[in-house]
Amino acid sequence: MIFLGEFKAGTSVFYAANFHNDTGTLENPTSPEAQTRNPAGTWSALTTPAIQNSKTGHYGGSVDTTGFSVGQHVIRMAGTVATAKTVATEFCFTIVANIASDIIADTDNIQANLNAIKGLLL
């Protein structure tokens, strides 16, 4: 499993991997698919992974984590290569809780924006 890092909910998490056939040659899979698993163990379908950087066999996508709960989440990406073998890669990432300094920073940003608007109106 490939660890992608720690993120706060609302962040877009990118994942990508290469598909290889039995001889180790990069190959575009048929029927690529991806799912995500939340900390409670529930699996949900993701948007179909797409070819990345116009490179043969290099597929991936992004996960919008808005509304995700704190804890470890898993992404499973799979597809079938020419030898009729299903190949899969798993990734994991952790959603971490906001801390007090995040809330203060957000409040400071809101105040700065309000002050800028006030300056425009005066």
# chains A, B, ... in the order shown; residues from 1 in each chain; ligands from 1

$ residues_around --residues "Ser62 (chain A)" --least-positions-apart "2" --cutoff "10 Å" --atoms "only C-alpha atoms" --output "PyMOL selection string"
chain A and resi 11-16+46-47+49-50+60+64-65

$ write_last_selection --atoms "N, CA, C and O atoms" --output "PDB file, in the first residue's frame"
ATOM      1  N   THR A  11      -9.385  18.927   1.062  1.00  0.00           N
ATOM      2  CA  THR A  11      -8.217  18.924   0.180  1.00  0.00           C
ATOM      3  C   THR A  11      -8.451  17.920  -0.946  1.00  0.00           C
ATOM      4  O   THR A  11      -9.077  16.896  -0.758  1.00  0.00           O
ATOM      5  N   SER A  12      -7.917  18.214  -2.117  1.00  0.00           N
ATOM      6  CA  SER A  12      -7.960  17.263  -3.222  1.00  0.00           C
ATOM      7  C   SER A  12      -6.720  16.376  -3.130  1.00  0.00           C
ATOM      8  O   SER A  12      -5.608  16.868  -3.054  1.00  0.00           O
ATOM      9  N   VAL A  13      -6.929  15.059  -3.115  1.00  0.00           N
ATOM     10  CA  VAL A  13      -5.835  14.096  -2.993  1.00  0.00           C
ATOM     11  C   VAL A  13      -5.636  13.414  -4.346  1.00  0.00           C
ATOM     12  O   VAL A  13      -6.554  12.771  -4.868  1.00  0.00           O
ATOM     13  N   PHE A  14      -4.437  13.543  -4.919  1.00  0.00           N
ATOM     14  CA  PHE A  14      -4.111  12.940  -6.213  1.00  0.00           C
ATOM     15  C   PHE A  14      -3.474  11.570  -5.999  1.00  0.00           C
ATOM     16  O   PHE A  14      -2.676  11.382  -5.085  1.00  0.00           O
ATOM     17  N   TYR A  15      -3.836  10.620  -6.851  1.00  0.00           N
ATOM     18  CA  TYR A  15      -3.214   9.292  -6.828  1.00  0.00           C
ATOM     19  C   TYR A  15      -2.940   8.871  -8.268  1.00  0.00           C
ATOM     20  O   TYR A  15      -3.653   9.259  -9.195  1.00  0.00           O
ATOM     21  N   ALA A  16      -1.895   8.100  -8.480  1.00  0.00           N
ATOM     22  CA  ALA A  16      -1.574   7.587  -9.820  1.00  0.00           C
ATOM     23  C   ALA A  16      -0.618   6.414  -9.702  1.00  0.00           C
ATOM     24  O   ALA A  16       0.166   6.326  -8.756  1.00  0.00           O
ATOM     25  N   LEU A  46     -15.308   5.753  -7.131  1.00  0.00           N
ATOM     26  CA  LEU A  46     -14.729   7.036  -7.524  1.00  0.00           C
ATOM     27  C   LEU A  46     -14.907   7.204  -9.030  1.00  0.00           C
ATOM     28  O   LEU A  46     -15.226   6.250  -9.742  1.00  0.00           O
ATOM     29  N   THR A  47     -14.646   8.396  -9.517  1.00  0.00           N
ATOM     30  CA  THR A  47     -14.642   8.635 -10.951  1.00  0.00           C
ATOM     31  C   THR A  47     -13.607   7.716 -11.594  1.00  0.00           C
ATOM     32  O   THR A  47     -12.538   7.472 -11.029  1.00  0.00           O
ATOM     33  N   PRO A  49     -10.558   6.254 -13.228  1.00  0.00           N
ATOM     34  CA  PRO A  49      -9.205   6.801 -13.400  1.00  0.00           C
ATOM     35  C   PRO A  49      -8.932   7.087 -14.879  1.00  0.00           C
ATOM     36  O   PRO A  49      -9.388   6.362 -15.758  1.00  0.00           O
ATOM     37  N   ALA A  50      -8.175   8.141 -15.125  1.00  0.00           N
ATOM     38  CA  ALA A  50      -7.858   8.552 -16.495  1.00  0.00           C
ATOM     39  C   ALA A  50      -6.359   8.459 -16.742  1.00  0.00           C
ATOM     40  O   ALA A  50      -5.557   8.498 -15.809  1.00  0.00           O
ATOM     41  N   GLY A  60      -4.644   7.565 -13.140  1.00  0.00           N
ATOM     42  CA  GLY A  60      -4.875   8.100 -11.811  1.00  0.00           C
ATOM     43  C   GLY A  60      -6.072   9.019 -11.798  1.00  0.00           C
ATOM     44  O   GLY A  60      -6.841   9.111 -12.756  1.00  0.00           O
ATOM     45  N   ASP A  64     -11.843  14.353  -3.989  1.00  0.00           N
ATOM     46  CA  ASP A  64     -12.242  15.543  -3.227  1.00  0.00           C
ATOM     47  C   ASP A  64     -12.639  15.062  -1.835  1.00  0.00           C
ATOM     48  O   ASP A  64     -13.586  14.300  -1.691  1.00  0.00           O
ATOM     49  N   THR A  65     -11.917  15.482  -0.816  1.00  0.00           N
ATOM     50  CA  THR A  65     -12.154  14.971   0.537  1.00  0.00           C
ATOM     51  C   THR A  65     -13.126  15.831   1.345  1.00  0.00           C
ATOM     52  O   THR A  65     -13.234  15.651   2.559  1.00  0.00           O
TER      53      THR A  65
END

$ residues_around --residues "Phe3 (chain A)" --least-positions-apart "4" --cutoff "8 Å" --atoms "only C-alpha atoms" --output "PyMOL selection string"
chain A and resi 91-93

$ write_last_selection --atoms "all heavy atoms" --output "short mmCIF file (atom, residue, chain, number, x, y, z; two decimals), in the first residue's frame"
data_model
loop_
_atom_site.label_atom_id
_atom_site.label_comp_id
_atom_site.auth_asym_id
_atom_site.auth_seq_id
_atom_site.Cartn_x
_atom_site.Cartn_y
_atom_site.Cartn_z
N PHE A 91 -3.69 2.63 -2.27
CA PHE A 91 -3.10 3.81 -1.66
C PHE A 91 -3.84 4.07 -0.35
O PHE A 91 -4.99 3.64 -0.20
CB PHE A 91 -3.31 5.05 -2.55
CG PHE A 91 -2.93 4.87 -3.98
CD1 PHE A 91 -3.82 4.34 -4.91
CD2 PHE A 91 -1.67 5.25 -4.43
CE1 PHE A 91 -3.46 4.18 -6.24
CE2 PHE A 91 -1.30 5.09 -5.75
CZ PHE A 91 -2.21 4.55 -6.66
N CYS A 92 -3.21 4.76 0.57
CA CYS A 92 -3.94 5.20 1.75
C CYS A 92 -3.51 6.63 2.08
O CYS A 92 -2.43 7.08 1.71
CB CYS A 92 -3.74 4.27 2.94
SG CYS A 92 -2.08 4.27 3.63
N PHE A 93 -4.40 7.33 2.74
CA PHE A 93 -4.10 8.68 3.22
C PHE A 93 -4.90 8.90 4.49
O PHE A 93 -5.87 8.19 4.76
CB PHE A 93 -4.41 9.75 2.16
CG PHE A 93 -5.84 9.83 1.74
CD1 PHE A 93 -6.72 10.72 2.35
CD2 PHE A 93 -6.33 9.03 0.71
CE1 PHE A 93 -8.05 10.79 1.94
CE2 PHE A 93 -7.64 9.10 0.30
CZ PHE A 93 -8.50 9.98 0.91
#

$ select_by_dssp --residues "chain A" --states "alpha helix (DSSP H)" --output "VMD selection string"
chain A and resid 100 to 121

$ write_last_selection --atoms "N, CA, C and O atoms" --output "short mmCIF file (atom, residue, chain, number, x, y, z; two decimals), in the first residue's frame"
data_model
loop_
_atom_site.label_atom_id
_atom_site.label_comp_id
_atom_site.auth_asym_id
_atom_site.auth_seq_id
_atom_site.Cartn_x
_atom_site.Cartn_y
_atom_site.Cartn_z
N ALA A 100 -6.74 24.47 16.54
CA ALA A 100 -7.08 25.85 16.88
C ALA A 100 -6.38 26.86 15.96
O ALA A 100 -6.99 27.84 15.54
N SER A 101 -5.12 26.61 15.61
CA SER A 101 -4.40 27.57 14.77
C SER A 101 -5.02 27.67 13.38
O SER A 101 -4.98 28.72 12.74
N ASP A 102 -5.64 26.58 12.88
CA ASP A 102 -6.34 26.63 11.59
C ASP A 102 -7.54 27.56 11.67
O ASP A 102 -7.80 28.34 10.77
N ILE A 103 -8.27 27.44 12.76
CA ILE A 103 -9.46 28.26 12.94
C ILE A 103 -9.06 29.73 13.08
O ILE A 103 -9.68 30.61 12.49
N ILE A 104 -8.01 30.01 13.83
CA ILE A 104 -7.53 31.39 13.98
C ILE A 104 -7.07 31.94 12.63
O ILE A 104 -7.39 33.07 12.28
N ALA A 105 -6.35 31.14 11.86
CA ALA A 105 -5.89 31.60 10.54
C ALA A 105 -7.08 31.90 9.64
O ALA A 105 -7.08 32.91 8.91
N ASP A 106 -8.12 31.06 9.68
CA ASP A 106 -9.31 31.33 8.88
C ASP A 106 -9.98 32.63 9.31
O ASP A 106 -10.41 33.42 8.48
N THR A 107 -10.06 32.84 10.61
CA THR A 107 -10.66 34.07 11.13
C THR A 107 -9.85 35.28 10.70
O THR A 107 -10.40 36.30 10.29
N ASP A 108 -8.52 35.19 10.74
CA ASP A 108 -7.65 36.29 10.30
C ASP A 108 -7.86 36.58 8.82
O ASP A 108 -7.91 37.75 8.41
N ASN A 109 -8.01 35.54 8.00
CA ASN A 109 -8.26 35.74 6.58
C ASN A 109 -9.59 36.43 6.32
O ASN A 109 -9.71 37.30 5.47
N ILE A 110 -10.60 36.03 7.06
CA ILE A 110 -11.92 36.66 6.93
C ILE A 110 -11.83 38.12 7.30
O ILE A 110 -12.36 38.99 6.59
N GLN A 111 -11.14 38.42 8.40
CA GLN A 111 -11.01 39.81 8.85
C GLN A 111 -10.25 40.64 7.81
O GLN A 111 -10.64 41.76 7.50
N ALA A 112 -9.18 40.10 7.23
CA ALA A 112 -8.41 40.81 6.21
C ALA A 112 -9.28 41.10 4.99
O ALA A 112 -9.23 42.20 4.42
N ASN A 113 -10.10 40.14 4.59
CA ASN A 113 -10.99 40.34 3.45
C ASN A 113 -12.04 41.40 3.75
O ASN A 113 -12.35 42.23 2.89
N LEU A 114 -12.59 41.38 4.96
CA LEU A 114 -13.56 42.41 5.35
C LEU A 114 -12.94 43.80 5.34
O LEU A 114 -13.55 44.77 4.88
N ASN A 115 -11.71 43.89 5.84
CA ASN A 115 -11.02 45.18 5.84
C ASN A 115 -10.77 45.68 4.41
O ASN A 115 -10.91 46.87 4.12
N ALA A 116 -10.41 44.77 3.51
CA ALA A 116 -10.19 45.14 2.12
C ALA A 116 -11.47 45.64 1.47
O ALA A 116 -11.48 46.62 0.74
N ILE A 117 -12.57 44.98 1.76
CA ILE A 117 -13.88 45.40 1.22
C ILE A 117 -14.26 46.76 1.77
O ILE A 117 -14.74 47.64 1.05
N LYS A 118 -14.04 46.96 3.08
CA LYS A 118 -14.32 48.24 3.70
C LYS A 118 -13.54 49.36 3.01
O LYS A 118 -14.06 50.43 2.74
N GLY A 119 -12.25 49.07 2.73
CA GLY A 119 -11.40 50.06 2.07
C GLY A 119 -11.90 50.43 0.70
O GLY A 119 -11.79 51.58 0.26
N LEU A 120 -12.49 49.49 -0.01
CA LEU A 120 -13.04 49.75 -1.34
C LEU A 120 -14.32 50.58 -1.27
O LEU A 120 -14.61 51.37 -2.17
N LEU A 121 -15.08 50.38 -0.21
CA LEU A 121 -16.35 51.07 -0.07
C LEU A 121 -16.20 52.51 0.44
O LEU A 121 -17.08 53.32 0.22
#

$ closest_residue --among "A:Thr42, A:Ile51, A:Gln72, A:Thr83" --to "Glu6 (chain A)" --atoms "only C-alpha atoms"
A:Gln72

$ decode --residues "region 25-59 of chain A" --atoms "N, CA, C and O atoms" --output "short mmCIF file (atom, residue, chain, number, x, y, z; two decimals), in the first residue's frame"
data_model
loop_
_atom_site.label_atom_id
_atom_site.label_comp_id
_atom_site.auth_asym_id
_atom_site.auth_seq_id
_atom_site.Cartn_x
_atom_site.Cartn_y
_atom_site.Cartn_z
N THR A 25 5.74 -4.93 -19.22
CA THR A 25 5.58 -3.83 -20.16
C THR A 25 4.41 -2.94 -19.73
O THR A 25 3.34 -3.45 -19.37
N LEU A 26 4.61 -1.62 -19.78
CA LEU A 26 3.52 -0.70 -19.48
C LEU A 26 2.41 -0.90 -20.49
O LEU A 26 2.65 -1.06 -21.69
N GLU A 27 1.17 -0.87 -20.00
CA GLU A 27 0.03 -1.15 -20.86
C GLU A 27 -1.21 -0.42 -20.35
O GLU A 27 -1.43 -0.32 -19.14
N ASN A 28 -2.00 0.10 -21.27
CA ASN A 28 -3.28 0.70 -20.88
C ASN A 28 -4.25 -0.42 -20.52
O ASN A 28 -4.44 -1.36 -21.29
N PRO A 29 -4.87 -0.34 -19.35
CA PRO A 29 -5.80 -1.39 -18.94
C PRO A 29 -7.17 -1.19 -19.59
O PRO A 29 -7.52 -0.10 -20.02
N THR A 30 -7.94 -2.28 -19.63
CA THR A 30 -9.34 -2.15 -19.99
C THR A 30 -10.12 -1.99 -18.69
O THR A 30 -9.70 -2.48 -17.64
N SER A 31 -11.18 -1.28 -18.75
CA SER A 31 -12.08 -1.09 -17.60
C SER A 31 -11.38 -0.64 -16.33
O SER A 31 -11.57 -1.24 -15.26
N PRO A 32 -10.57 0.45 -16.38
CA PRO A 32 -9.98 0.92 -15.12
C PRO A 32 -11.08 1.39 -14.18
O PRO A 32 -12.12 1.88 -14.63
N GLU A 33 -10.87 1.18 -12.92
CA GLU A 33 -11.86 1.58 -11.91
C GLU A 33 -11.15 1.97 -10.63
O GLU A 33 -9.98 1.62 -10.42
N ALA A 34 -11.86 2.70 -9.77
CA ALA A 34 -11.30 3.07 -8.48
C ALA A 34 -12.42 3.20 -7.46
O ALA A 34 -13.55 3.58 -7.79
N GLN A 35 -12.09 2.86 -6.23
CA GLN A 35 -13.01 3.00 -5.10
C GLN A 35 -12.25 3.60 -3.93
O GLN A 35 -11.02 3.53 -3.88
N THR A 36 -12.99 4.15 -3.00
CA THR A 36 -12.39 4.62 -1.76
C THR A 36 -13.10 3.95 -0.59
O THR A 36 -14.29 3.64 -0.67
N ARG A 37 -12.34 3.71 0.47
CA ARG A 37 -12.85 3.09 1.69
C ARG A 37 -12.66 4.06 2.84
O ARG A 37 -11.55 4.55 3.07
N ASN A 38 -13.73 4.35 3.59
CA ASN A 38 -13.62 5.27 4.72
C ASN A 38 -13.21 4.50 5.99
O ASN A 38 -13.14 3.28 5.98
N PRO A 39 -12.94 5.23 7.09
CA PRO A 39 -12.49 4.56 8.31
C PRO A 39 -13.49 3.54 8.87
O PRO A 39 -13.11 2.62 9.59
N ALA A 40 -14.78 3.69 8.53
CA ALA A 40 -15.80 2.75 9.01
C ALA A 40 -15.84 1.48 8.17
O ALA A 40 -16.56 0.54 8.50
N GLY A 41 -15.07 1.44 7.06
CA GLY A 41 -15.02 0.25 6.23
C GLY A 41 -15.98 0.25 5.05
O GLY A 41 -16.12 -0.76 4.37
N THR A 42 -16.63 1.37 4.79
CA THR A 42 -17.57 1.46 3.68
C THR A 42 -16.85 1.86 2.40
O THR A 42 -16.11 2.85 2.38
N TRP A 43 -17.07 1.08 1.32
CA TRP A 43 -16.45 1.37 0.02
C TRP A 43 -17.41 2.16 -0.84
O TRP A 43 -18.62 1.90 -0.84
N SER A 44 -16.87 3.13 -1.61
CA SER A 44 -17.65 3.94 -2.54
C SER A 44 -16.88 4.07 -3.85
O SER A 44 -15.65 4.18 -3.84
N ALA A 45 -17.61 4.10 -4.95
CA ALA A 45 -16.98 4.24 -6.27
C ALA A 45 -16.44 5.66 -6.45
O ALA A 45 -17.03 6.63 -5.98
N LEU A 46 -15.31 5.75 -7.13
CA LEU A 46 -14.73 7.04 -7.52
C LEU A 46 -14.91 7.20 -9.03
O LEU A 46 -15.23 6.25 -9.74
N THR A 47 -14.65 8.40 -9.52
CA THR A 47 -14.64 8.64 -10.95
C THR A 47 -13.61 7.72 -11.59
O THR A 47 -12.54 7.47 -11.03
N THR A 48 -13.91 7.22 -12.77
CA THR A 48 -13.00 6.31 -13.48
C THR A 48 -11.62 6.95 -13.63
O THR A 48 -11.52 8.09 -14.11
N PRO A 49 -10.56 6.25 -13.23
CA PRO A 49 -9.20 6.80 -13.40
C PRO A 49 -8.93 7.09 -14.88
O PRO A 49 -9.39 6.36 -15.76
N ALA A 50 -8.17 8.14 -15.13
CA ALA A 50 -7.86 8.55 -16.50
C ALA A 50 -6.36 8.46 -16.74
O ALA A 50 -5.56 8.50 -15.81
N ILE A 51 -6.01 8.36 -18.02
CA ILE A 51 -4.59 8.32 -18.38
C ILE A 51 -3.96 9.65 -17.96
O ILE A 51 -4.58 10.71 -18.07
N GLN A 52 -2.75 9.60 -17.43
CA GLN A 52 -2.06 10.77 -16.92
C GLN A 52 -0.86 11.10 -17.80
O GLN A 52 -0.13 10.21 -18.22
N ASN A 53 -0.68 12.38 -18.08
CA ASN A 53 0.51 12.87 -18.77
C ASN A 53 0.70 12.21 -20.15
O ASN A 53 1.82 12.08 -20.63
N SER A 54 -0.42 11.74 -20.74
CA SER A 54 -0.38 11.09 -22.07
C SER A 54 0.61 9.93 -22.14
O SER A 54 1.18 9.65 -23.18
N LYS A 55 0.83 9.26 -21.02
CA LYS A 55 1.80 8.16 -20.96
C LYS A 55 1.08 6.81 -20.91
O LYS A 55 0.15 6.62 -20.11
N THR A 56 1.49 5.88 -21.71
CA THR A 56 0.92 4.53 -21.73
C THR A 56 0.96 3.91 -20.33
O THR A 56 2.00 3.93 -19.67
N GLY A 57 -0.18 3.41 -19.91
CA GLY A 57 -0.26 2.69 -18.64
C GLY A 57 -0.29 3.54 -17.39
O GLY A 57 -0.46 3.02 -16.30
N HIS A 58 -0.11 4.85 -17.51
CA HIS A 58 -0.07 5.73 -16.33
C HIS A 58 -1.46 6.31 -16.09
O HIS A 58 -1.91 7.19 -16.82
N TYR A 59 -2.12 5.80 -15.07
CA TYR A 59 -3.50 6.19 -14.77
C TYR A 59 -3.62 6.75 -13.37
O TYR A 59 -2.82 6.42 -12.48
#
